[in-house]
Each structure stands twice: as C-alpha cells, then as structure tokens.
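Trainee: This one is protein-v1.pdb, PDB, C-alpha atoms and all ligand atoms.
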ATOM      1  CA  MET O   1     123.379 113.096 119.886  1.00  0.00           C
ATOM      2  CA  LYS O   2     125.015 110.341 117.886  1.00  0.00           C
ATOM      3  CA  ILE O   3     123.164 108.032 115.509  1.00  0.00           C
ATOM      4  CA  LYS O   4     124.194 104.595 114.242  1.00  0.00           C
ATOM      5  CA  THR O   5     122.027 102.934 111.592  1.00  0.00           C
ATOM      6  CA  PHE O   6     121.375  99.182 111.365  1.00  0.00           C
ATOM      7  CA  LEU O   7     119.765  97.554 108.307  1.00  0.00           C
ATOM      8  CA  GLY O   8     118.078  94.153 108.334  1.00  0.00           C
ATOM      9  CA  GLY O   9     114.933  92.522 109.648  1.00  0.00           C
ATOM     10  CA  TYR O  10     111.801  91.643 107.715  1.00  0.00           C
ATOM     11  CA  ASP O  11     111.987  94.000 104.735  1.00  0.00           C
ATOM     12  CA  LYS O  12     114.985  96.333 104.570  1.00  0.00           C
ATOM     13  CA  ASN O  13     114.014  97.534 108.036  1.00  0.00           C
ATOM     14  CA  LEU O  14     116.080 100.184 109.744  1.00  0.00           C
ATOM     15  CA  SER O  15     116.802 100.324 113.458  1.00  0.00           C
ATOM     16  CA  TYR O  16     118.803 103.139 114.973  1.00  0.00           C
ATOM     17  CA  LEU O  17     120.973 103.312 118.015  1.00  0.00           C
ATOM     18  CA  ILE O  18     120.975 106.880 119.315  1.00  0.00           C
ATOM     19  CA  TRP O  19     122.907 108.113 122.301  1.00  0.00           C
ATOM     20  CA  CYS O  20     123.783 111.139 124.360  1.00  0.00           C
ATOM     21  CA  GLU O  21     127.522 111.772 124.186  1.00  0.00           C
ATOM     22  CA  THR O  22     127.585 113.468 127.597  1.00  0.00           C
ATOM     23  CA  THR O  23     126.017 110.643 129.610  1.00  0.00           C
ATOM     24  CA  GLY O  24     126.409 107.588 127.362  1.00  0.00           C
ATOM     25  CA  LEU O  25     122.686 106.874 127.729  1.00  0.00           C
ATOM     26  CA  ALA O  26     121.338 105.169 124.627  1.00  0.00           C
ATOM     27  CA  SER O  27     118.069 104.217 123.019  1.00  0.00           C
ATOM     28  CA  ILE O  28     117.172 101.919 120.142  1.00  0.00           C
ATOM     29  CA  VAL O  29     114.564 103.172 117.693  1.00  0.00           C
ATOM     30  CA  ASP O  30     112.491 100.091 116.755  1.00  0.00           C
ATOM     31  CA  ALA O  31     113.486  96.509 117.578  1.00  0.00           C
ATOM     32  CA  ALA O  32     113.373  95.785 113.861  1.00  0.00           C
ATOM     33  CA  VAL O  33     116.758  94.174 113.170  1.00  0.00           C
ATOM     34  CA  GLU O  34     118.639  91.285 114.744  1.00  0.00           C
ATOM     35  CA  ILE O  35     120.089  92.568 118.026  1.00  0.00           C
ATOM     36  CA  SER O  36     123.554  90.959 118.335  1.00  0.00           C
ATOM     37  CA  GLU O  37     125.276  93.550 116.132  1.00  0.00           C
ATOM     38  CA  ILE O  38     123.616  96.399 118.051  1.00  0.00           C
ATOM     39  CA  ILE O  39     124.600  94.946 121.427  1.00  0.00           C
ATOM     40  CA  GLU O  40     128.162  94.459 120.236  1.00  0.00           C
ATOM     41  CA  PHE O  41     128.268  98.124 119.290  1.00  0.00           C
ATOM     42  CA  ILE O  42     126.735  99.236 122.617  1.00  0.00           C
ATOM     43  CA  ASN O  43     129.344  97.260 124.542  1.00  0.00           C
ATOM     44  CA  SER O  44     132.243  98.451 122.377  1.00  0.00           C
ATOM     45  CA  ARG O  45     131.341 102.074 123.205  1.00  0.00           C
ATOM     46  CA  ASN O  46     130.436 101.423 126.871  1.00  0.00           C
ATOM     47  CA  LEU O  47     126.961 102.836 126.301  1.00  0.00           C
ATOM     48  CA  ILE O  48     124.052 102.297 128.675  1.00  0.00           C
ATOM     49  CA  LEU O  49     120.909 101.134 126.894  1.00  0.00           C
ATOM     50  CA  GLU O  50     118.058 102.867 128.694  1.00  0.00           C
ATOM     51  CA  LYS O  51     115.077 102.953 126.346  1.00  0.00           C
ATOM     52  CA  LEU O  52     113.455 101.417 123.304  1.00  0.00           C
ATOM     53  CA  PHE O  53     111.491 103.834 121.141  1.00  0.00           C
ATOM     54  CA  ILE O  54     108.623 102.156 119.278  1.00  0.00           C
ATOM     55  CA  THR O  55     107.523 104.057 116.152  1.00  0.00           C
ATOM     56  CA  HIS O  56     104.429 101.848 115.779  1.00  0.00           C
ATOM     57  CA  SER O  57     103.226  98.355 116.628  1.00  0.00           C
ATOM     58  CA  HIS O  58     103.468  96.671 113.222  1.00  0.00           C
ATOM     59  CA  PHE O  59     105.109  93.270 113.722  1.00  0.00           C
ATOM     60  CA  ASP O  60     108.275  93.998 111.731  1.00  0.00           C
ATOM     61  CA  HIS O  61     109.077  97.002 113.965  1.00  0.00           C
ATOM     62  CA  ILE O  62     108.856  94.990 117.197  1.00  0.00           C
ATOM     63  CA  LYS O  63     110.106  91.669 115.823  1.00  0.00           C
ATOM     64  CA  TYR O  64     113.179  91.558 118.108  1.00  0.00           C
ATOM     65  CA  LEU O  65     111.575  93.151 121.160  1.00  0.00           C
ATOM     66  CA  ASP O  66     111.558  89.925 123.196  1.00  0.00           C
ATOM     67  CA  ASP O  67     115.240  89.329 122.396  1.00  0.00           C
ATOM     68  CA  LEU O  68     116.012  92.825 123.667  1.00  0.00           C
ATOM     69  CA  THR O  69     113.957  92.604 126.862  1.00  0.00           C
ATOM     70  CA  ASN O  70     115.498  89.206 127.644  1.00  0.00           C
ATOM     71  CA  GLN O  71     118.930  90.831 127.504  1.00  0.00           C
ATOM     72  CA  TYR O  72     117.826  94.089 129.153  1.00  0.00           C
ATOM     73  CA  PRO O  73     114.946  93.323 131.569  1.00  0.00           C
ATOM     74  CA  GLN O  74     114.933  96.936 132.862  1.00  0.00           C
ATOM     75  CA  LEU O  75     114.595  98.452 129.398  1.00  0.00           C
ATOM     76  CA  GLN O  76     111.927 101.152 129.261  1.00  0.00           C
ATOM     77  CA  LEU O  77     109.594 100.621 126.268  1.00  0.00           C
ATOM     78  CA  CYS O  78     108.381 103.955 124.937  1.00  0.00           C
ATOM     79  CA  GLY O  79     105.510 104.150 122.476  1.00  0.00           C
ATOM     80  CA  PHE O  80     102.209 105.914 121.865  1.00  0.00           C
ATOM     81  CA  ASN O  81      99.983 105.926 124.952  1.00  0.00           C
ATOM     82  CA  GLN O  82      97.172 104.068 123.183  1.00  0.00           C
ATOM     83  CA  PRO O  83      99.238 101.200 121.769  1.00  0.00           C
ATOM     84  CA  GLU O  84      97.829  98.547 119.464  1.00  0.00           C
ATOM     85  CA  GLU O  85      99.869  95.896 121.315  1.00  0.00           C
ATOM     86  CA  GLU O  86     100.307  94.937 124.963  1.00  0.00           C
ATOM     87  CA  TYR O  87     103.827  95.885 126.105  1.00  0.00           C
ATOM     88  CA  GLY O  88     103.739  94.999 129.810  1.00  0.00           C
ATOM     89  CA  ASP O  89     104.944  96.730 132.967  1.00  0.00           C
ATOM     90  CA  ASN O  90     107.962  98.505 131.472  1.00  0.00           C
ATOM     91  CA  PHE O  91     105.841 100.382 128.950  1.00  0.00           C
ATOM     92  CA  ARG O  92     105.788 104.176 129.048  1.00  0.00           C
ATOM     93  CA  GLY O  93     102.956 105.722 127.025  1.00  0.00           C
ATOM     94  CA  LEU O  94     103.750 108.960 125.222  1.00  0.00           C
ATOM     95  CA  THR O  95     101.442 111.748 124.099  1.00  0.00           C
ATOM     96  CA  HIS O  96     101.542 114.222 121.205  1.00  0.00           C
ATOM     97  CA  HIS O  97     104.104 116.998 121.834  1.00  0.00           C
ATOM     98  CA  GLU O  98     105.457 115.310 124.970  1.00  0.00           C
ATOM     99  CA  ILE O  99     109.211 115.704 125.397  1.00  0.00           C
ATOM    100  CA  ILE O 100     111.174 112.649 126.414  1.00  0.00           C
ATOM    101  CA  PRO O 101     114.808 112.927 127.543  1.00  0.00           C
ATOM    102  CA  LEU O 102     117.714 110.715 126.578  1.00  0.00           C
ATOM    103  CA  GLY O 103     120.530 111.925 128.825  1.00  0.00           C
ATOM    104  CA  THR O 104     120.904 115.594 127.892  1.00  0.00           C
ATOM    105  CA  GLU O 105     119.111 115.110 124.567  1.00  0.00           C
ATOM    106  CA  MET O 106     115.417 115.935 124.238  1.00  0.00           C
ATOM    107  CA  LEU O 107     113.050 114.238 121.839  1.00  0.00           C
ATOM    108  CA  THR O 108     109.618 115.630 121.027  1.00  0.00           C
ATOM    109  CA  ILE O 109     106.859 113.142 120.305  1.00  0.00           C
ATOM    110  CA  LEU O 110     104.656 113.713 117.274  1.00  0.00           C
ATOM    111  CA  HIS O 111     101.588 111.502 117.029  1.00  0.00           C
ATOM    112  CA  THR O 112     101.325 110.774 113.305  1.00  0.00           C
ATOM    113  CA  PRO O 113      98.475 108.312 112.667  1.00  0.00           C
ATOM    114  CA  GLY O 114      97.515 107.287 109.146  1.00  0.00           C
ATOM    115  CA  HIS O 115      99.748 104.370 108.252  1.00  0.00           C
ATOM    116  CA  TYR O 116      98.828 102.928 111.658  1.00  0.00           C
ATOM    117  CA  PRO O 117      96.874 104.409 114.616  1.00  0.00           C
ATOM    118  CA  ASP O 118      99.754 104.293 117.099  1.00  0.00           C
ATOM    119  CA  SER O 119     102.403 105.742 114.775  1.00  0.00           C
ATOM    120  CA  ILE O 120     104.631 108.332 116.408  1.00  0.00           C
ATOM    121  CA  CYS O 121     107.733 110.222 115.323  1.00  0.00           C
ATOM    122  CA  PHE O 122     110.632 111.220 117.559  1.00  0.00           C
ATOM    123  CA  TRP O 123     111.992 114.691 116.757  1.00  0.00           C
ATOM    124  CA  ASN O 124     115.265 116.051 118.110  1.00  0.00           C
ATOM    125  CA  LYS O 125     114.958 119.785 117.489  1.00  0.00           C
ATOM    126  CA  LYS O 126     118.513 120.648 118.507  1.00  0.00           C
ATOM    127  CA  GLU O 127     120.051 118.012 116.251  1.00  0.00           C
ATOM    128  CA  ASN O 128     117.611 118.619 113.380  1.00  0.00           C
ATOM    129  CA  CYS O 129     116.547 115.020 112.949  1.00  0.00           C
ATOM    130  CA  VAL O 130     113.322 113.060 113.116  1.00  0.00           C
ATOM    131  CA  PHE O 131     112.689 109.317 113.322  1.00  0.00           C
ATOM    132  CA  THR O 132     109.580 108.714 111.251  1.00  0.00           C
ATOM    133  CA  GLY O 133     108.952 104.950 111.291  1.00  0.00           C
ATOM    134  CA  ASP O 134     106.576 104.127 108.430  1.00  0.00           C
ATOM    135  CA  THR O 135     104.964 107.577 108.286  1.00  0.00           C
ATOM    136  CA  MET O 136     107.613 109.008 105.960  1.00  0.00           C
ATOM    137  CA  PHE O 137     110.279 107.263 103.878  1.00  0.00           C
ATOM    138  CA  VAL O 138     112.839 108.630 101.437  1.00  0.00           C
ATOM    139  CA  GLY O 139     110.640 109.374  98.418  1.00  0.00           C
ATOM    140  CA  ARG O 140     107.198 108.527  99.741  1.00  0.00           C
ATOM    141  CA  THR O 141     104.912 107.973 102.709  1.00  0.00           C
ATOM    142  CA  GLY O 142     103.964 104.687 104.340  1.00  0.00           C
ATOM    143  CA  ARG O 143     101.118 102.810 102.686  1.00  0.00           C
ATOM    144  CA  THR O 144      97.492 103.079 103.752  1.00  0.00           C
ATOM    145  CA  ILE O 145      96.119  99.749 102.561  1.00  0.00           C
ATOM    146  CA  GLY O 146      95.958  98.151 106.042  1.00  0.00           C
ATOM    147  CA  ALA O 147      92.649  97.724 107.889  1.00  0.00           C
ATOM    148  CA  LYS O 148      93.654 100.350 110.473  1.00  0.00           C
ATOM    149  CA  SER O 149      95.145 102.806 107.959  1.00  0.00           C
ATOM    150  CA  ASN O 150      93.559 106.150 107.175  1.00  0.00           C
ATOM    151  CA  ILE O 151      94.641 108.402 104.269  1.00  0.00           C
ATOM    152  CA  SER O 152      93.055 111.579 105.699  1.00  0.00           C
ATOM    153  CA  MET O 153      94.869 111.109 108.979  1.00  0.00           C
ATOM    154  CA  LEU O 154      98.118 110.455 107.121  1.00  0.00           C
ATOM    155  CA  TYR O 155      97.623 113.683 105.168  1.00  0.00           C
ATOM    156  CA  THR O 156      97.265 115.634 108.428  1.00  0.00           C
ATOM    157  CA  SER O 157     100.231 113.857 109.996  1.00  0.00           C
ATOM    158  CA  ILE O 158     102.455 114.623 107.011  1.00  0.00           C
ATOM    159  CA  TYR O 159     101.321 118.103 106.071  1.00  0.00           C
ATOM    160  CA  ASP O 160     100.429 119.560 109.491  1.00  0.00           C
ATOM    161  CA  ASN O 161     103.159 117.886 111.501  1.00  0.00           C
ATOM    162  CA  LEU O 162     106.220 116.537 109.676  1.00  0.00           C
ATOM    163  CA  LEU O 163     106.349 119.096 106.853  1.00  0.00           C
ATOM    164  CA  LYS O 164     106.043 121.896 109.429  1.00  0.00           C
ATOM    165  CA  LEU O 165     109.427 120.953 110.898  1.00  0.00           C
ATOM    166  CA  PRO O 166     112.462 122.965 109.725  1.00  0.00           C
ATOM    167  CA  PRO O 167     113.344 122.063 106.082  1.00  0.00           C
ATOM    168  CA  GLN O 168     116.884 121.047 107.027  1.00  0.00           C
ATOM    169  CA  THR O 169     115.553 118.324 109.372  1.00  0.00           C
ATOM    170  CA  ILE O 170     116.978 114.921 108.455  1.00  0.00           C
ATOM    171  CA  VAL O 171     114.462 112.081 108.135  1.00  0.00           C
ATOM    172  CA  TYR O 172     115.447 108.674 109.521  1.00  0.00           C
ATOM    173  CA  SER O 173     112.710 106.285 108.455  1.00  0.00           C
ATOM    174  CA  GLY O 174     111.711 102.722 109.281  1.00  0.00           C
ATOM    175  CA  HIS O 175     112.719 101.112 105.980  1.00  0.00           C
ATOM    176  CA  HIS O 176     115.459 101.594 103.399  1.00  0.00           C
ATOM    177  CA  TYR O 177     113.085 101.994 100.433  1.00  0.00           C
ATOM    178  CA  GLY O 178     114.672 105.003  98.751  1.00  0.00           C
ATOM    179  CA  PHE O 179     117.904 105.758  96.889  1.00  0.00           C
ATOM    180  CA  LYS O 180     119.611 106.540 100.192  1.00  0.00           C
ATOM    181  CA  LYS O 181     118.900 105.794 103.838  1.00  0.00           C
ATOM    182  CA  SER O 182     118.162 109.291 105.112  1.00  0.00           C
ATOM    183  CA  ILE O 183     117.222 112.601 103.546  1.00  0.00           C
ATOM    184  CA  SER O 184     116.418 116.180 104.495  1.00  0.00           C
ATOM    185  CA  LEU O 185     112.761 117.210 104.479  1.00  0.00           C
ATOM    186  CA  LYS O 186     113.645 119.866 101.934  1.00  0.00           C
ATOM    187  CA  GLU O 187     115.115 117.319  99.509  1.00  0.00           C
ATOM    188  CA  ASN O 188     112.279 114.865 100.087  1.00  0.00           C
ATOM    189  CA  ILE O 189     109.745 117.574  99.186  1.00  0.00           C
ATOM    190  CA  ARG O 190     111.739 118.503  96.071  1.00  0.00           C
ATOM    191  CA  LEU O 191     112.017 114.898  94.840  1.00  0.00           C
ATOM    192  CA  SER O 192     108.632 113.409  95.680  1.00  0.00           C
ATOM    193  CA  SER O 193     105.099 114.213  94.502  1.00  0.00           C
ATOM    194  CA  PHE O 194     103.849 112.729  97.786  1.00  0.00           C
ATOM    195  CA  PHE O 195     105.072 115.855  99.530  1.00  0.00           C
ATOM    196  CA  GLN O 196     104.077 118.470  96.948  1.00  0.00           C
ATOM    197  CA  CYS O 197     100.295 118.342  97.329  1.00  0.00           C
ATOM    198  CA  ASN O 198      98.216 121.475  97.814  1.00  0.00           C
ATOM    199  CA  SER O 199      95.188 119.693  99.230  1.00  0.00           C
ATOM    200  CA  GLU O 200      94.032 116.476 100.803  1.00  0.00           C
ATOM    201  CA  ILE O 201      92.211 115.561  97.572  1.00  0.00           C
ATOM    202  CA  GLU O 202      95.439 115.904  95.614  1.00  0.00           C
ATOM    203  CA  PHE O 203      97.280 113.777  98.187  1.00  0.00           C
ATOM    204  CA  ILE O 204      94.647 111.018  97.928  1.00  0.00           C
ATOM    205  CA  GLN O 205      95.072 111.067  94.130  1.00  0.00           C
ATOM    206  CA  VAL O 206      98.850 110.678  94.441  1.00  0.00           C
ATOM    207  CA  MET O 207      98.435 107.788  96.894  1.00  0.00           C
ATOM    208  CA  LYS O 208      95.881 106.024  94.697  1.00  0.00           C
ATOM    209  CA  LYS O 209      98.032 106.421  91.597  1.00  0.00           C
ATOM    210  CA  TYR O 210     100.979 104.930  93.480  1.00  0.00           C
ATOM    211  CA  GLU O 211      98.993 101.892  94.671  1.00  0.00           C
ATOM    212  CA  LYS O 212      97.562 101.318  91.172  1.00  0.00           C
ATOM    213  CA  ASN O 213     101.032 101.243  89.596  1.00  0.00           C
ATOM    214  CA  ARG O 214     102.661  98.992  92.173  1.00  0.00           C
TER
HETATM  215 FE    FE S 301     104.289  99.645 109.355  1.00  0.00          FE
END
Translate the structure described by the file into structure tokens.
Ligand SMILES: [Fe+2]
Mentor:
Amino acid sequence: MKIKTFLGGYDKNLSYLIWCETTGLASIVDAAVEISEIIEFINSRNLILEKLFITHSHFDHIKYLDDLTNQYPQLQLCGFNQPEEEYGDNFRGLTHHEIIPLGTEMLTILHTPGHYPDSICFWNKKENCVFTGDTMFVGRTGRTIGAKSNISMLYTSIYDNLLKLPPQTIVYSGHHYGFKKSISLKENIRLSSFFQCNSEIEFIQVMKKYEKNR
C-alpha cells in the first residue's frame, strides 16, 4: 500500500491518499483538505478513487466531503456504523474489528471513542500503519473537552486498542500537531506522558494537567 500525505484544511489537518499498487484502487482518509491537489495526484497516477474513509464526524474532517462527492458521485463513504452525521445512500457503516478491503490491501477497523463517539481507526496490519484521526497524534491524544467526549472511553481506546498494536506500527493522525507528521507507536510512547500511564486515574491526571496548561 502506498500513502501520500496532504496538509491543509481548518487547522493543520492531514488527509491521506492511500492506494493498492496491484489494482490502483485508492481511498482518501478524511475529506479534510482542499481536494484539487489530491485529484491532480490521483489523475497523474491513473488511480481509481473508490472509497472515502471517515475517521470521525467532526466538521473539519468532513469539510470537503461535498466537493469530493460532486466530483465522484459513486464514492463509497466509509465510517462508523452509528455516525453522528447523516451521510446518505453511499454510506457504508463499519463495526469494530471489521476488515475492509482496498484492492488487495486489508484494513481493520478499530472503534476508538473518547474524543468523539464515532471515532474509528483504520489499521493495515501487513503494512504496519494505522490512521488514527483525532484519537492519537504525534505526542498526545485528541482532546476531551467536547460535549460528546469521554476521557474513560479514550483511555480504553488508547490503552486497550491502539497501544496493543505492534510497537513498530506507524501512526498517521488527523492533524500535524507534533514535531513530525507521523511516528511509530514505540517512539510516541517513549516521548509522551500521555502514553506512559499505568492506570486510568493517571491518564485523567495527565489530560487535566495538559488542559490546565494550554
Ligand atoms: Fe476531532
């Protein structure tokens, strides 16, 4: 699987174009950046855009969804099966641990609520990479100050799901908030107190300290 990163949108958002080299089938992870540059790239490589993966329904992650569906009316919109937004007839709801194909590539869905109820991550086991949206960034987690956020759920999503993936897994997150755009889980754990907690109570303390000092 190949990955091309695009930076832009509302707040240093990151969208990814991912594709299967065997079939040329491609998917965009989050319609979060202006689409002309992505479409140019798709056309230059003769790729076939098949799916949009939605990491969660926060507005900045679906900001350019209408632009995309206008250009690609057949595009399959793939997000959590209890979405916080209405996505119409082309929506495909995904469940925890479901495997969704992209050509010959397989992506495993991890439901990771906490930052937002419909947050999911897309994990490619073979390629050792995971697309985490706003659940995990380089250096920290997503925030839990929104009305639908939940710190306990985020703790479970991080510690029982994402941190259980192989340490060499590369994290591709929804925003460029760290010192680099992507990072291995192993390095993220080493560098960030958010990922070094031994209990939920400790995690809540780290989160609260972070919000207080912002
Ligand atoms: Fe978000």
Trainee: Here's the selection I'm unsure about, the PyMOL selection byres (((chain O and resi 96) around 12) and not hetatm); applied to the file above, which residues does it give, as a PyMOL selection string?
Mentor: chain O and resi 79-82+93-95+97-100+107-113+118-123+157+161
Trainee: One decimal, Å: what's the distance from CA of His115 in chain O over to CA of Leu154 in chain O, could you say?
Mentor: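 Those two atoms sit 6.4 Å apart.
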Trainee: Write out as a short mmCIF file (atom, residue, chain, number, x, y, z; two decimals) with C-alpha atoms, in the frame of the given file which residues come within 7 Å of Val33 in chain O when counting all atoms listed in the file, dropping same-chain ones fewer than 6 positions away.
Mentor:
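Result went into selection38.cif, see below:
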data_model
loop_
_atom_site.label_atom_id
_atom_site.label_comp_id
_atom_site.auth_asym_id
_atom_site.auth_seq_id
_atom_site.Cartn_x
_atom_site.Cartn_y
_atom_site.Cartn_z
CA LEU O 7 119.76 97.55 108.31
CA GLY O 8 118.08 94.15 108.33
CA GLY O 9 114.93 92.52 109.65
CA ASN O 13 114.01 97.53 108.04
CA LEU O 14 116.08 100.18 109.74
CA SER O 15 116.80 100.32 113.46
CA TYR O 64 113.18 91.56 118.11
#
Trainee: Show me which residues are within 10 Å of ligand FE 301 (chain S) counting only C-alpha atoms and all ligand atoms, and format the list as JSON, numbers by chain.
Mentor: {"O": [55, 56, 57, 58, 59, 60, 61, 115, 116, 119, 133, 134, 135, 142, 143, 144, 146, 149, 174, 175]}
Trainee: So that I can check the surroundings of Ile189 in chain O, please list as a ChimeraX atom specification every protein, DNA and RNA residue that reaches within 12 Å of it, counting all atoms listed in the file and ignoring chain neighbours fewer than 3 positions away.
Mentor: /O:136-141,158-159,162-164,167-169,171,183-186,192-197
Trainee: Taking the file above as input, evaluate the PyMOL selection byres (((chain O and resi 37) around 12) and not hetatm) and report the hits as an MDAnalysis selection string.
Mentor: chainID O and resid 4:8 15:17 33:36 38:44 68
Trainee: For C-alpha atoms, I'd like the residues from the last selection saved as a PDB file, keeping the file's coordinate frame.
Mentor:
ATOM      1  CA  LYS O   4     124.194 104.595 114.242  1.00  0.00           C
ATOM      2  CA  THR O   5     122.027 102.934 111.592  1.00  0.00           C
ATOM      3  CA  PHE O   6     121.375  99.182 111.365  1.00  0.00           C
ATOM      4  CA  LEU O   7     119.765  97.554 108.307  1.00  0.00           C
ATOM      5  CA  GLY O   8     118.078  94.153 108.334  1.00  0.00           C
ATOM      6  CA  SER O  15     116.802 100.324 113.458  1.00  0.00           C
ATOM      7  CA  TYR O  16     118.803 103.139 114.973  1.00  0.00           C
ATOM      8  CA  LEU O  17     120.973 103.312 118.015  1.00  0.00           C
ATOM      9  CA  VAL O  33     116.758  94.174 113.170  1.00  0.00           C
ATOM     10  CA  GLU O  34     118.639  91.285 114.744  1.00  0.00           C
ATOM     11  CA  ILE O  35     120.089  92.568 118.026  1.00  0.00           C
ATOM     12  CA  SER O  36     123.554  90.959 118.335  1.00  0.00           C
ATOM     13  CA  ILE O  38     123.616  96.399 118.051  1.00  0.00           C
ATOM     14  CA  ILE O  39     124.600  94.946 121.427  1.00  0.00           C
ATOM     15  CA  GLU O  40     128.162  94.459 120.236  1.00  0.00           C
ATOM     16  CA  PHE O  41     128.268  98.124 119.290  1.00  0.00           C
ATOM     17  CA  ILE O  42     126.735  99.236 122.617  1.00  0.00           C
ATOM     18  CA  ASN O  43     129.344  97.260 124.542  1.00  0.00           C
ATOM     19  CA  SER O  44     132.243  98.451 122.377  1.00  0.00           C
ATOM     20  CA  LEU O  68     116.012  92.825 123.667  1.00  0.00           C
TER      21      LEU O  68
END
Trainee: Quote the spacing between CA of Arg92 in chain O and CA of Ser27 in chain O in Å to one decimal place.
Mentor: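 Atom-to-atom, CA of Arg92 in chain O and CA of Ser27 in chain O are spaced 13.7 Å apart.
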Trainee: Check the smallest atom-to-atom distance from each of O:Asp160, O:Lys126, O:Tyr155, O:Val29 to Gln205 in chain O using all atoms listed in the file, then report the winner.
Mentor: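 Result for the nearest residue to Gln205 in chain O: O:Tyr155.
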Trainee: Separation of CA of Asn124 in chain O and CA of Glu105 in chain O, in Å?
Mentor: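 Interatomic distance here is 7.6 Å.
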